[in-house]
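Structure file final.cif (mmCIF, C-alpha atoms and all ligand atoms) follows.
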data_data
loop_
_atom_site.label_atom_id
_atom_site.label_comp_id
_atom_site.auth_asym_id
_atom_site.auth_seq_id
_atom_site.Cartn_x
_atom_site.Cartn_y
_atom_site.Cartn_z
CA MET A 1 22.06 8.91 26.49
CA VAL A 2 22.14 10.19 22.91
CA THR A 3 22.07 7.42 20.31
CA ARG A 4 23.61 7.64 16.84
CA THR A 5 20.22 7.79 15.12
CA GLU A 6 19.21 10.71 17.40
CA GLU A 7 22.34 12.59 16.36
CA TYR A 8 21.46 12.45 12.67
CA PRO A 9 17.96 13.56 11.65
CA GLN A 10 18.45 12.26 8.07
CA LYS A 11 18.95 8.74 9.44
CA ARG A 12 15.86 9.07 11.63
CA VAL A 13 13.72 10.17 8.69
CA PHE A 14 15.10 7.37 6.52
CA LEU A 15 14.57 4.65 9.14
CA GLY A 16 11.07 5.95 9.93
CA LEU A 17 10.11 5.94 6.26
CA LEU A 18 11.72 2.52 5.82
CA PHE A 19 9.46 1.16 8.57
CA LEU A 20 6.38 2.84 7.05
CA THR A 21 7.29 1.42 3.62
CA CYS A 22 7.50 -2.10 5.12
CA VAL A 23 4.07 -1.71 6.72
CA VAL A 24 2.55 -0.47 3.43
CA LEU A 25 4.20 -3.33 1.48
CA THR A 26 2.90 -5.93 3.95
CA VAL A 27 -0.64 -4.56 3.77
CA LEU A 28 -0.43 -4.44 -0.04
CA ALA A 29 0.85 -8.04 -0.28
CA ALA A 30 -1.88 -9.24 2.08
CA ALA A 31 -4.52 -7.42 0.01
CA LEU A 32 -3.11 -8.78 -3.26
CA TRP A 33 -3.27 -12.30 -1.84
CA TRP A 34 -6.65 -11.99 -0.12
CA VAL A 35 -8.63 -10.30 -2.94
CA PRO A 36 -8.25 -13.16 -5.47
CA TYR A 37 -8.26 -15.75 -2.66
CA VAL A 38 -11.94 -16.66 -3.09
CA GLY A 39 -11.73 -16.79 -6.90
CA LEU A 40 -8.50 -18.84 -6.90
CA SER A 41 -9.84 -21.49 -4.55
CA ASN A 42 -12.68 -22.01 -6.99
CA ILE A 43 -10.16 -22.83 -9.76
CA ASN A 44 -7.85 -25.03 -7.69
CA LYS A 45 -7.77 -25.56 -3.94
CA TYR A 46 -3.92 -25.30 -3.83
CA LEU A 47 -3.67 -21.97 -5.72
CA PRO A 48 -4.20 -19.70 -2.67
CA ALA A 49 -1.43 -21.56 -0.79
CA ILE A 50 0.94 -21.26 -3.79
CA LEU A 51 0.22 -17.54 -4.09
CA ALA A 52 0.70 -17.07 -0.34
CA THR A 53 4.11 -18.85 -0.61
CA VAL A 54 5.21 -16.58 -3.50
CA PHE A 55 4.18 -13.40 -1.65
CA GLY A 56 5.67 -14.71 1.59
CA ALA A 57 9.03 -15.41 -0.14
CA ALA A 58 9.05 -11.94 -1.75
CA LEU A 59 8.26 -10.26 1.57
CA THR A 60 10.91 -12.33 3.37
CA ALA A 61 13.53 -11.23 0.79
CA ILE A 62 12.47 -7.59 1.23
CA PHE A 63 12.56 -7.84 5.04
CA ILE A 64 16.03 -9.45 5.04
CA SER A 65 17.27 -6.61 2.77
CA VAL A 66 15.61 -4.03 5.03
CA ILE A 67 17.20 -5.55 8.15
CA LEU A 68 20.64 -5.52 6.45
CA LEU A 69 20.04 -1.95 5.38
CA PHE A 70 18.91 -0.99 8.87
CA PHE A 71 22.10 -2.30 10.47
CA THR A 72 24.33 -0.82 7.74
CA VAL A 73 22.72 2.58 8.38
CA VAL A 74 22.71 2.38 12.17
CA LEU A 75 26.23 0.96 12.50
CA GLY A 76 27.62 2.95 9.56
CA ARG A 77 29.62 -0.05 8.36
CA ASN A 78 29.43 -2.49 5.50
CA ILE A 79 27.58 -5.58 6.76
CA PHE A 80 27.00 -7.42 3.47
CA PHE A 81 26.28 -6.45 -0.13
CA SER A 82 26.40 -2.67 0.38
CA LYS A 83 26.59 -2.16 -3.42
CA LYS A 84 23.44 -4.22 -3.93
CA LEU A 85 21.75 -2.44 -1.03
CA ARG A 86 22.63 0.91 -2.62
CA GLY A 87 20.96 -0.27 -5.83
CA MET A 88 17.89 -1.34 -3.90
CA VAL A 89 17.70 2.00 -2.06
CA ILE A 90 18.07 3.94 -5.33
CA LYS A 91 15.71 1.87 -7.47
CA VAL A 92 13.10 0.57 -5.04
CA ILE A 93 13.18 2.21 -1.63
CA PHE A 94 13.63 5.87 -2.58
CA PRO A 95 10.55 6.01 -4.89
CA LEU A 96 8.54 4.21 -2.17
CA MET A 97 9.96 6.59 0.45
CA VAL A 98 8.70 9.60 -1.51
CA VAL A 99 5.17 8.09 -1.44
CA ALA A 100 5.50 7.11 2.25
CA GLY A 101 6.85 10.60 3.02
CA ARG A 102 3.82 12.15 1.35
CA LEU A 103 1.53 9.91 3.43
CA ALA A 104 3.40 10.90 6.60
CA GLY A 105 3.39 14.62 5.67
CA ILE A 106 7.18 14.84 5.34
CA LYS A 107 8.48 17.40 2.83
CA LYS A 108 9.97 15.95 -0.36
CA GLU A 109 13.17 17.95 0.26
CA GLU A 110 13.60 16.28 3.62
CA VAL A 111 13.07 12.82 2.10
CA GLN A 112 15.66 13.69 -0.57
CA ARG A 113 18.17 14.83 2.09
CA SER A 114 17.68 11.60 3.94
CA PHE A 115 18.10 9.59 0.71
CA ILE A 116 21.33 11.45 -0.16
CA SER A 117 22.70 10.90 3.34
CA ILE A 118 21.96 7.16 3.28
CA ASN A 119 23.31 6.83 -0.26
CA ASN A 120 26.54 8.49 0.94
CA GLN A 121 26.81 6.09 3.81
CA LEU A 122 26.37 3.10 1.50
CA VAL A 123 28.93 4.52 -0.96
CA LEU A 124 31.41 4.93 1.90
CA ALA A 125 30.61 1.44 3.18
CA GLU A 126 31.90 0.03 -0.13
CA GLY A 127 35.36 1.32 0.88
CA ARG A 128 36.41 2.28 -2.63
CA LYS A 129 39.93 3.45 -3.37
CA THR A 130 40.16 5.55 -6.51
CA ALA A 131 42.99 6.90 -8.65
CA PRO A 132 42.98 10.75 -8.74
CA GLU A 133 42.18 10.87 -12.46
CA LYS A 134 39.15 8.66 -11.85
CA LEU A 135 37.70 10.90 -9.15
CA LEU A 136 35.42 13.59 -10.56
CA LEU A 137 34.26 16.70 -8.69
CA LEU A 138 31.03 17.62 -10.44
CA MET A 139 29.83 21.13 -9.65
CA PRO A 140 26.68 23.08 -10.51
CA HIS A 141 26.93 26.17 -12.71
CA CYS A 142 25.24 28.33 -10.03
CA LEU A 143 28.44 28.05 -8.00
CA GLN A 144 30.10 30.51 -10.38
CA PHE A 145 29.84 34.22 -9.48
CA TYR A 146 26.75 35.44 -11.33
CA GLU A 147 28.47 38.37 -13.07
CA CYS A 148 31.63 36.49 -14.00
CA PRO A 149 32.18 36.90 -17.77
CA VAL A 150 34.36 33.79 -18.07
CA LYS A 151 32.87 30.61 -19.52
CA ILE A 152 33.94 27.74 -17.30
CA THR A 153 31.48 25.02 -18.31
CA GLY A 154 33.56 22.46 -20.15
CA ARG A 155 36.82 24.33 -19.36
CA THR A 156 37.28 25.15 -15.68
CA GLU A 157 40.86 26.21 -16.42
CA ASN A 158 39.42 29.38 -18.05
CA CYS A 159 38.72 30.64 -14.51
CA LYS A 160 40.88 33.69 -13.65
CA ARG A 161 40.94 32.70 -9.98
CA CYS A 162 39.72 36.07 -8.83
CA GLY A 163 38.39 34.50 -5.63
CA ARG A 164 34.83 35.81 -5.96
CA CYS A 165 33.46 32.27 -6.02
CA LYS A 166 34.52 28.82 -4.83
CA ILE A 167 35.84 27.78 -8.24
CA THR A 168 39.21 29.27 -7.17
CA ASP A 169 39.35 26.99 -4.11
CA LEU A 170 38.23 23.97 -6.11
CA LEU A 171 41.00 24.56 -8.65
CA ASP A 172 43.49 24.72 -5.75
CA LEU A 173 42.10 21.37 -4.59
CA VAL A 174 42.50 19.92 -8.09
CA GLU A 175 46.14 21.05 -8.17
CA GLU A 176 46.76 19.55 -4.77
CA TYR A 177 45.16 16.15 -5.37
CA HIS A 178 45.18 15.90 -9.21
CA VAL A 179 41.50 14.98 -9.33
CA LYS A 180 39.13 16.01 -12.14
CA LEU A 181 36.82 19.02 -11.91
CA ALA A 182 33.83 19.81 -14.12
CA VAL A 183 30.99 22.31 -14.02
CA ALA A 184 27.62 21.36 -15.49
CA THR A 185 24.68 23.56 -16.38
CA GLY A 186 22.17 20.72 -16.10
CA GLY A 187 21.52 16.99 -16.14
CA THR A 188 22.21 16.51 -19.88
CA ILE A 189 25.63 18.22 -19.70
CA ALA A 190 26.42 16.34 -16.48
CA ARG A 191 25.68 13.01 -18.21
CA ARG A 192 27.89 14.02 -21.15
CA ILE A 193 30.77 14.96 -18.81
CA VAL A 194 30.48 11.62 -17.01
CA LYS A 195 30.52 9.78 -20.35
CA GLU A 196 33.66 11.64 -21.46
CA ILE A 197 35.65 11.43 -18.22
CA ARG A 198 34.45 7.95 -17.24
CA PRO A 199 35.12 8.40 -13.51
CA GLU A 200 34.97 5.59 -10.94
CA VAL A 201 33.59 7.86 -8.23
CA ILE A 202 31.83 11.22 -8.41
CA ILE A 203 31.71 13.79 -5.63
CA GLY A 204 28.71 15.87 -6.61
CA VAL A 205 27.64 19.23 -5.18
CA ALA A 206 24.09 20.42 -5.85
CA CYS A 207 20.69 21.04 -4.30
CA GLU A 208 18.56 18.18 -2.91
CA ARG A 209 16.56 17.67 -6.11
CA ASP A 210 19.54 17.64 -8.49
CA LEU A 211 21.64 15.42 -6.24
CA ALA A 212 18.83 12.90 -5.77
CA SER A 213 18.16 12.68 -9.52
CA GLY A 214 21.90 12.63 -10.32
CA ILE A 215 22.46 9.71 -7.92
CA GLN A 216 19.60 7.81 -9.58
CA ASP A 217 20.73 8.66 -13.14
CA THR A 218 24.33 7.55 -12.73
CA TYR A 219 23.74 4.30 -10.81
CA PRO A 220 25.71 1.92 -10.60
CA LEU A 221 28.40 4.62 -10.63
CA PRO A 222 28.77 5.79 -7.01
CA VAL A 223 27.96 9.44 -6.37
CA TYR A 224 28.89 10.99 -3.06
CA GLY A 225 26.52 13.95 -2.59
CA ILE A 226 27.24 17.21 -0.79
CA LEU A 227 24.49 19.78 -0.51
CA ASN A 228 25.29 23.26 -1.75
CA GLN A 229 24.84 26.39 0.37
CA ARG A 230 22.30 28.95 -0.82
CA PRO A 231 22.86 32.25 1.00
CA PHE A 232 21.06 34.19 -1.80
CA GLY A 233 18.35 31.62 -2.49
CA PRO A 234 18.35 28.73 -4.96
CA CYS A 235 20.43 28.70 -8.16
CA PHE A 236 22.13 32.07 -7.55
CA ASN A 237 25.71 32.63 -6.34
CA THR A 238 25.62 29.39 -4.39
CA SER A 239 28.53 28.15 -2.31
CA LEU A 240 29.86 24.96 -0.70
CA ASP A 241 31.65 23.68 2.34
CA LEU A 242 35.14 23.16 0.94
CA ASP A 243 36.19 21.21 4.01
CA LEU A 244 33.57 18.53 3.26
CA VAL A 245 34.70 18.27 -0.36
CA ARG A 246 38.35 17.98 0.68
CA ARG A 247 37.57 15.27 3.24
CA ALA A 248 35.55 13.30 0.71
CA VAL A 249 38.45 13.54 -1.78
CA VAL A 250 40.91 12.25 0.82
CA ILE A 251 38.59 9.38 1.75
CA PHE A 252 38.17 8.15 -1.82
CA LEU A 253 41.87 8.54 -2.63
CA ASN A 254 42.83 6.61 0.50
CA GLY A 255 39.99 4.08 0.35
CA THR A 256 39.18 4.45 4.04
CA ILE A 257 35.65 4.58 5.40
CA HIS A 258 34.53 7.63 7.30
CA ASP A 259 31.11 9.13 7.82
CA ILE A 260 30.49 12.58 6.36
CA GLU A 261 27.09 14.16 6.81
CA THR A 262 25.64 15.93 3.78
CA SER A 263 26.24 19.62 4.09
CA GLY A 264 23.56 22.24 3.82
CA PRO A 265 22.46 25.55 5.20
CA GLY A 266 23.04 25.37 8.94
CA ASN A 267 24.92 22.09 8.62
CA THR A 268 28.39 23.12 7.55
CA SER A 269 31.53 21.86 9.20
CA ALA A 270 32.00 25.37 10.65
CA ASP A 271 28.46 25.34 12.08
CA ARG A 272 29.10 21.96 13.66
CA GLU A 273 32.41 23.12 15.08
CA LYS A 274 30.74 26.21 16.57
CA ALA A 275 28.07 23.97 18.12
CA GLY A 276 30.81 21.80 19.61
CA ASP A 277 29.73 18.73 17.64
CA THR A 278 31.87 15.64 17.28
CA PRO A 279 34.32 15.98 14.37
CA ILE A 280 33.25 14.34 11.12
CA GLY A 281 34.10 10.68 11.06
CA THR A 282 34.23 10.01 14.78
CA ASP A 283 30.58 8.92 15.00
CA LEU A 284 31.65 5.61 13.47
CA GLY A 285 34.30 5.20 16.09
CA LEU A 286 36.92 6.01 13.46
CA PRO A 287 39.41 8.88 13.55
CA PRO A 288 38.47 12.00 11.58
CA ALA A 289 39.64 12.16 7.96
CA GLN A 290 43.13 13.51 7.49
CA GLY A 291 43.28 16.41 5.08
S1 LIG A 301 36.81 32.60 -9.37
FE1 LIG A 301 36.80 32.14 -11.57
S2 LIG A 301 34.71 31.53 -12.03
FE2 LIG A 301 34.66 32.56 -10.03
S3 LIG A 301 34.21 34.71 -10.52
FE3 LIG A 301 36.43 34.53 -10.46
S4 LIG A 301 37.03 34.11 -12.59
FE4 LIG A 301 34.84 33.73 -12.44
#

Mind converting the file's structure to structure tokens?
Ligand code: SF4
Amino acid sequence: MVTRTEEYPQKRVFLGLLFLTCVVLTVLAAALWWVPYVGLSNINKYLPAILATVFGAALTAIFISVILLFFTVVLGRNIFFSKKLRGMVIKVIFPLMVVAGRLAGIKKEEVQRSFISINNQLVLAEGRKTAPEKLLLLMPHCLQFYECPVKITGRTENCKRCGRCKITDLLDLVEEYHVKLAVATGGTIARRIVKEIRPEVIIGVACERDLASGIQDTYPLPVYGILNQRPFGPCFNTSLDLDLVRRAVVIFLNGTIHDIETSGPGNTSADREKAGDTPIGTDLGLPPAQG
């Protein structure tokens, strides 16, 4: 029988690294307690016990959070404190996961994919409902056709809608749902756009590295990440799975929780359909998003 974690490699990587991180933390805490143990008992006989209690309490808090996180990820539903768990994943677990991934020989890109996927799940678990004008679609500049002479950063309405890149389709989506659309050339411009528009939720499309850093930069603002498609290599005439963007828009406008896997090369909704996979959203036992 195929389990949910087997269906989604990003979850498997995340849960594996989560376990490895817990083991490393336990060993570190034990070492931190044991090394000064001899010296502390010379100062006061109760000091080692006090230190052991402090470390034990810290580890217990971490393990409770990890268990909550584990069940939120496996069940795909909000158990408790999904916003706080998202903060913990972004600030504490992801940096540790990068180190644990290096120890386990897992590529950084794969760790980032897994982080983005879990972040998405935690964002969805919060069940946010957003007004259209507070929902921002933040796109990378490499999505624009390389030879297009029109400047669309800052003013996407300058686009002539020639159809040579996905900006045309995104503008159609904006007209349909009245959400905001912006194109950024880098992290600094992206931060400025977010400051100006002040969205409540961002649907961001980018590569693994930019999405992971964008999610970290904008916390506590929730960013739902969708990986771009790179048929010509990185940063050149990139594309996206419009179906995933549309479904994410519908979810945040309706405030219903569905599971959307991060898209990427070989993981588009069309690829999944061809492979006969379950439609997006049904893995949580919920109907697929309407769109
Ligand atoms: S769709 Fe818009 S941005 Fe893309 S190539 Fe045409 S004019 Fe340029």

Q.
How would you report the residues lying within 6 Å of ligand LIG 301 (chain A), as a PyMOL selection string, if you count only C-alpha atoms and all ligand atoms?
A. chain A and resi 144-145+148+150+159-165+167-168

Rows by chain and residue number, region 115-187 of chain A within 9 Å of region 240-249 of chain A, shortest pair, all atoms listed in the file, as a Markdown table:
| residue | atom | partner | partner_atom | distance |
| --- | --- | --- | --- | --- |
| A:Pro132 | CA | A:Val249 | CA | 8.8 |
| A:Leu135 | CA | A:Val249 | CA | 7.9 |
| A:Leu137 | CA | A:Val245 | CA | 8.5 |
| A:Leu143 | CA | A:Leu240 | CA | 8.1 |
| A:Lys166 | CA | A:Leu240 | CA | 7.3 |
| A:Asp169 | CA | A:Leu242 | CA | 7.6 |
| A:Leu170 | CA | A:Leu242 | CA | 7.7 |
| A:Leu173 | CA | A:Arg246 | CA | 7.3 |
| A:Tyr177 | CA | A:Val249 | CA | 8.0 |
| A:Val179 | CA | A:Val249 | CA | 8.3 |

Around (4.6, 5.2, 2.6) in the file's own coordinates, what residues are found within 7 Å if you use all atoms listed in the file, given back as an mmCIF file with C-alpha atoms, in the frame of the given file?
data_model
loop_
_atom_site.group_PDB
_atom_site.id
_atom_site.type_symbol
_atom_site.label_atom_id
_atom_site.label_comp_id
_atom_site.auth_asym_id
_atom_site.auth_seq_id
_atom_site.Cartn_x
_atom_site.Cartn_y
_atom_site.Cartn_z
ATOM 1 C CA LEU A 17 10.110 5.940 6.260
ATOM 2 C CA LEU A 20 6.380 2.840 7.050
ATOM 3 C CA THR A 21 7.290 1.420 3.620
ATOM 4 C CA VAL A 24 2.550 -0.470 3.430
ATOM 5 C CA LEU A 96 8.540 4.210 -2.170
ATOM 6 C CA MET A 97 9.960 6.590 0.450
ATOM 7 C CA VAL A 99 5.170 8.090 -1.440
ATOM 8 C CA ALA A 100 5.500 7.110 2.250
ATOM 9 C CA GLY A 101 6.850 10.600 3.020
ATOM 10 C CA LEU A 103 1.530 9.910 3.430
#

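Across A:Asn119, A:Lys134, A:Arg198, A:Ile152, the tightest approach to Tyr224 (chain A) is made by A:Asn119 when counting all atoms listed in the file.
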
Identify, on the basis of all atoms listed in the file, every residue whose closest approach to Gly187 (chain A) does not exceed 8 Å; exclude the query and any residue fewer than 3 positions from it along the same chain; express the result as a compact mmCIF listing (two decimals) with C-alpha atoms, keeping the file's coordinate frame.
# COMPACT_ATOMS: atom_id res chain seq x y z
CA ALA A 184 27.62 21.36 -15.49
CA ALA A 190 26.42 16.34 -16.48
CA ARG A 191 25.68 13.01 -18.21
CA ASP A 210 19.54 17.64 -8.49
CA GLY A 214 21.90 12.63 -10.32

**Q.** CA of Pro231 (chain A) to CA of Glu147 (chain A), distance in Å rounded to a single decimal
**A.** 16.3 Å

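Rounded to one decimal, CA of Tyr219 (chain A) and CA of Lys11 (chain A) lie 21.3 Å from each other.
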
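Taking only C-alpha atoms, the non-local environment of Val13 (chain A) within 8 Å (same-chain residues fewer than 3 positions away omitted) comprises Pro9, Gln10, Gly16, Leu17, Glu110, Val111 and Ser114 of chain A.
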
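Proximity to Arg192 (chain A) was assessed for A:Gly154, A:Gly233, A:Gly204, A:Pro222 counting only C-alpha atoms; the smallest distance is recorded for A:Gly154.
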
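Between CA of Ala61 (chain A) and CA of Ala212 (chain A) there is a distance of 25.6 Å.
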
Hey, could you pull the box centre and edge lengths for region 143-150 of chain A, axis-aligned, 3 Å padding per side, all listed atoms, to one decimal in Å, as JSON?
{"center_x": 30.6, "center_y": 33.2, "center_z": -13.0, "size_x": 13.6, "size_y": 16.3, "size_z": 16.1}

Q | Test item: residues at most 8 Å from region 129-131 of chain A, only C-alpha atoms, excluding those fewer than 4 positions along its chain, as an NGL selection string | A | :A and (135 or 200-201 or 251-256)

Q | For Leu32 (chain A), the nearest of the candidates A:Leu18, A:Val123, A:Ile202, A:Val54, counting only C-alpha atoms | A | A:Val54

(Q) Give me, as an MDAnalysis selection string, all polymer residues having an atom no more than 10 Å from Gly56 (chain A), counting all atoms listed in the file and skipping those fewer than 3 positions away in the same chain. (A) chainID A and resid 26 29:30 33 50:53 59:62

Q.
Excluding Glu208 (chain A) and its own-chain neighbours fewer than 3 positions away, which residues fall within 7 Å of it when counting all atoms listed in the file? Please give them as an MDAnalysis selection string.
A. chainID A and resid 109 112:113 211:212 227
